[in-house]
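To keep things clear, I will list the structure first and then write my remarks on it.
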Amino acid sequence: MAERAALRIFASQALLSSGWAADVAISATPDGAIAAIEAGATRQPGDTVTAGPVLPPLANLHSHAFQRAMAGLAEVAGHGDDSFWTWRDTMYRMVGALSPDDVEVIATRLYIDMLKCGYGRVGEFHYLHHDPSGAPYADRTEMSGRILAAATASGIGMTLLPVFYAHANFGGAAPTDGQRRFIHGVEEFLSLMEALRPQVAASGATLGYAFHSLRAATPDEMRAILAIAPGEGPIHIHVAEQQAEVDASLAWSGRRPLAWLMEEMPVDARWCLIHATHANDEEVRRMAASGAVVGLCPATEASLGDGIFPATAYRSLAGRFGIGSDSHVSTSPSEELRLLEYGQRLRDERRVRLVNGPGRSNGRDLFEVALAGGAQALGQVTSGLQVGASADLVVLDGTDPFIATATGDTILDRWLFALGDRAVRDVMVAGRWQITDRHHRLDASIDDKFRGVLARLL
């Protein structure tokens with residue numbers, strides 16, 4: 001493969017880590033890192049001139065890629081008590097039919113869609129490990145390798161989070177047939193992690209790991225994995241997503257799931273607490289003080305009827321959060337942030353909730369908190385447009401009248417609250433353009449493959 005040349009990008013407006021700047025030159029090294037940034041620069045021959053304002057892309061910190069194939073297929077009413085648990089039954093039925101080839105196609109198409117909406121990195125919370133009978137593949141890394149291949153093909157940044165999943169409910173309950181493709185013992189899971197380490201490094205991805213939930217892992221299993229697994233990389237867990245989970249945790253331990261987790265596990269800045277929807281005041285305080293990131297997935301949480309996270313209280317304590325698309329009923333960061341803010345407004349019957357003080361832009365504050373939280377949750381040391389970070393950027397469409405007439409924070413407010421995905425024009429990851437004028441190089445071929453997978457599944 002021919003060595004890449006250095007690249008210099010010129011933007012009339014860019015949101016740097018220090019704030020908005022005009023006439024910005026961003027130089028990227030051949031290996032895809034930002035080498036220099038100059039504000040108030042003069043355009044030079046050979047510059048790549050962007051077609052609109054430049055922003056850093058957000059990280060999607062929570063993804064179950066295979067679930068994209070069932071988007072829209074769980075919207076038929078049952079007997080009046082539809083919930084996460086009835087949706088899960090539909091998901092279990094679909095998951096039994098997926099081959100490794102299917103998963104790679106679904107994930108590749110999904111990751112391209114994410115890029116087109118303005119994400120630059122994804123955290124894949126990956127628990128689909130085994131064949132349809134529940135037996136390991138001859139290569140135990142088969143399914144994880146398909147996720148890595150999809151990330152490479154699409155060009156999105158990847159943090160792979162293999163998931164430990166052993167039980168159906170609190171107290172070590174035996175798994176159900178619908179969960180058979182997910183299940184590991186502790187030793188098997190640690191062997192998977194060891195086998196994946198060189199593959200992940202070779203693909204340029206980041207490796208972390210996850211516990212599916214307190215329902216799916218016993219305290220002894222969690223402690224055994226924490227004692228042996230690597231001391232670096234993020235740790236993710238679903239927690240307190242539904243009221244039924246809270247009730248089951250109280251019956252099991254006498255404590256709510258978040259209270260149990262904060263008291264029994266070493267939760268710190270490495271941890272990402274996915275959903276945390278049902279948090280009381282004390283749990284909100286402890287989460288914020290821990291330095292952990294809360295992973296919010298508002299479109300999925302709304303789709304499943306989970307509830308509304310107490311984000312205003314959490315942010316008043318400087319709590320950290322990022323956003324994810326989880327089941328992928330949406331692949332749009334603008335929609336996730338807008339739903340997050342609007343959920344707080346609907347509950348409180350007030351406007352402009354998640355801001356850091358009077359006169360602040362709602363869009364700017366939402367964007368910057370999610371940017372920092374997503375980077376932390378996915379194990380990225382540097383993020384945003386700054387020297388040393390990956391050369392990742394989003395170009396908004398400067399020909400759109402809303403963007404063309406906006407400057408500074410108004411650009412973010414219009415993108416997030418008025419325009420959505422249509423504002424995203426070009427996306428670069430690690431110094432390579434993955435989306436140009438809303439197109440990806442694999443659009444035609446991946447659409448044909450994806451159509452074939454859906455036709456067979458349906």
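Following the order of the structure tokens, chains are lettered A, B, ..., residues in each are numbered from 1, and ligands are numbered from 1.
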
List the neighbours of segment 162-175 of chain A out to 8 Å using only C-alpha atoms; skip same-chain residues closer than 4 positions along the sequence, and give me the result as a count of residues only. 28

Determine, counting only C-alpha atoms, which protein, DNA and RNA residues have an atom within 12 Å of an atom of Pro53 of chain A; residues of the same chain fewer than 6 positions away are not included. Present the result as a ChimeraX atom specification. /A:9-16,20-24,393-400,402-412,415,423-427

Closest pair table for segment 296-376 of chain A residues within 8 Å of segment 63-70 of chain A, only C-alpha atoms, as JSON lines:
```
{"residue": "A:Gly324", "atom": "CA", "partner": "A:Ser63", "partner_atom": "CA", "distance": 6.5}
{"residue": "A:Ser325", "atom": "CA", "partner": "A:Ser63", "partner_atom": "CA", "distance": 5.9}
{"residue": "A:Asp326", "atom": "CA", "partner": "A:Ser63", "partner_atom": "CA", "distance": 4.4}
{"residue": "A:Ser327", "atom": "CA", "partner": "A:Gln67", "partner_atom": "CA", "distance": 5.3}
{"residue": "A:His328", "atom": "CA", "partner": "A:Arg68", "partner_atom": "CA", "distance": 5.2}
{"residue": "A:Val329", "atom": "CA", "partner": "A:Arg68", "partner_atom": "CA", "distance": 7.0}
```

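Distances from A:Thr176, A:Asp443, A:Val267, A:Gly452 to Ala153 of chain A were compared using only C-alpha atoms, and the smallest one belongs to A:Asp443.
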
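Of the residues under consideration (A:Leu161, A:Met91, A:Pro132, A:Gln434), A:Leu161 shows the shortest atom-to-atom contact distance to Gly233 of chain A when counting only C-alpha atoms.
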
Just list the residues in segment 34-189 of chain A DSSP gives strand (DSSP E) on the backbone, as an NGL selection string. :A and (34-38 or 48-49 or 54-55 or 58-63 or 119-126 or 157-164)

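Interatomic distance, atom CA of Phe417 of chain A to atom CA of Gln242 of chain A: 27.9 Å.
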
All helix (DSSP H, G or I) residues (DSSP, backbone) inside segment 172-338 of chain A, as a PyMOL selection string: chain A and resi 177-179+186-203+219-228+243-253+257-264+281-290+298-303+311-316+333-338

Need to verify the contact set: Asp82 of chain A, 10 Å, only C-alpha atoms, exclusion of same-chain residues closer than 6 positions in sequence. Can you return it as an mmCIF file with N, CA and C atoms, in the first residue's frame?
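What landed in selection-v1.cif:
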```cif
data_model
loop_
_atom_site.group_PDB
_atom_site.id
_atom_site.type_symbol
_atom_site.label_atom_id
_atom_site.label_comp_id
_atom_site.auth_asym_id
_atom_site.auth_seq_id
_atom_site.Cartn_x
_atom_site.Cartn_y
_atom_site.Cartn_z
ATOM 1 N N ALA A 74 -40.551 -4.210 15.629
ATOM 2 C CA ALA A 74 -41.140 -4.493 16.946
ATOM 3 C C ALA A 74 -42.187 -3.442 17.299
ATOM 4 N N GLU A 75 -42.899 -2.963 16.296
ATOM 5 C CA GLU A 75 -43.864 -1.876 16.500
ATOM 6 C C GLU A 75 -45.314 -2.328 16.353
ATOM 7 N N VAL A 76 -45.541 -3.632 16.449
ATOM 8 C CA VAL A 76 -46.905 -4.168 16.418
ATOM 9 C C VAL A 76 -47.349 -4.407 17.852
ATOM 10 N N LEU A 304 -38.112 1.857 23.778
ATOM 11 C CA LEU A 304 -38.405 0.743 24.676
ATOM 12 C C LEU A 304 -39.266 1.154 25.868
ATOM 13 N N GLY A 305 -39.553 2.439 25.995
ATOM 14 C CA GLY A 305 -40.354 2.889 27.120
ATOM 15 C C GLY A 305 -39.636 2.761 28.447
#
```

Ranking A:Pro310, A:Gly145, A:Gly319, A:Gly46 by minimum distance to Asn356 of chain A and counting only C-alpha atoms, which one comes first? A:Gly319

Skipping near chain neighbours, those fewer than 2 positions away, what residues fall within 7 Å of Ser17 of chain A using only C-alpha atoms, listed as a PyMOL selection string? chain A and resi 15+19+384-386

Counting only C-alpha atoms, which of A:His278, A:Arg347, A:Tyr314, A:Ile228 gets nearest to Asp247 of chain A? A:His278

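Using only C-alpha atoms, the shortest contact distance between Val246 of chain A and any of A:Ala227, A:Ala71, A:Leu416, A:Ala276 is found at A:Ala276.
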
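Closest approach to Gly343 of chain A among A:Ser27, A:Leu128, A:Gly359, A:Glu301 is made by A:Glu301 (distances from only C-alpha atoms).
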
Would you kindly return, as a ChimeraX atom specification, each protein, DNA or RNA residue with an atom no farther than 8 Å from any atom of segment 281-292 of chain A, considering only C-alpha atoms and excluding same-chain residues fewer than 2 positions away? /A:258-259,262,267-273,279,294,310,313-314,317-320

Would you save the residues from that selection as a short mmCIF file (atom, residue, chain, number, x, y, z; two decimals), in the first residue's frame, using C-alpha atoms?
```
data_model
loop_
_atom_site.label_atom_id
_atom_site.label_comp_id
_atom_site.auth_asym_id
_atom_site.auth_seq_id
_atom_site.Cartn_x
_atom_site.Cartn_y
_atom_site.Cartn_z
CA LEU A 258 -26.84 1.44 40.94
CA ALA A 259 -26.39 1.51 44.71
CA MET A 262 -21.27 1.82 43.36
CA VAL A 267 -16.38 2.32 39.66
CA ASP A 268 -14.15 5.14 38.46
CA ALA A 269 -13.30 7.06 35.29
CA ARG A 270 -12.70 3.81 33.34
CA TRP A 271 -16.35 2.83 33.71
CA CYS A 272 -19.29 3.66 31.49
CA LEU A 273 -22.71 3.10 33.04
CA ALA A 279 -31.33 6.64 39.49
CA VAL A 294 -23.16 7.68 31.90
CA PRO A 310 -32.44 12.66 35.57
CA ALA A 313 -29.75 16.90 38.35
CA TYR A 314 -26.75 14.91 37.11
CA LEU A 317 -23.14 18.03 39.74
CA ALA A 318 -20.81 18.12 36.69
CA GLY A 319 -21.67 14.52 35.84
CA ARG A 320 -20.14 13.19 32.61
#
```

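Interatomic distance, atom CA of Met265 of chain A to atom CA of Ala251 of chain A: 19.4 Å.
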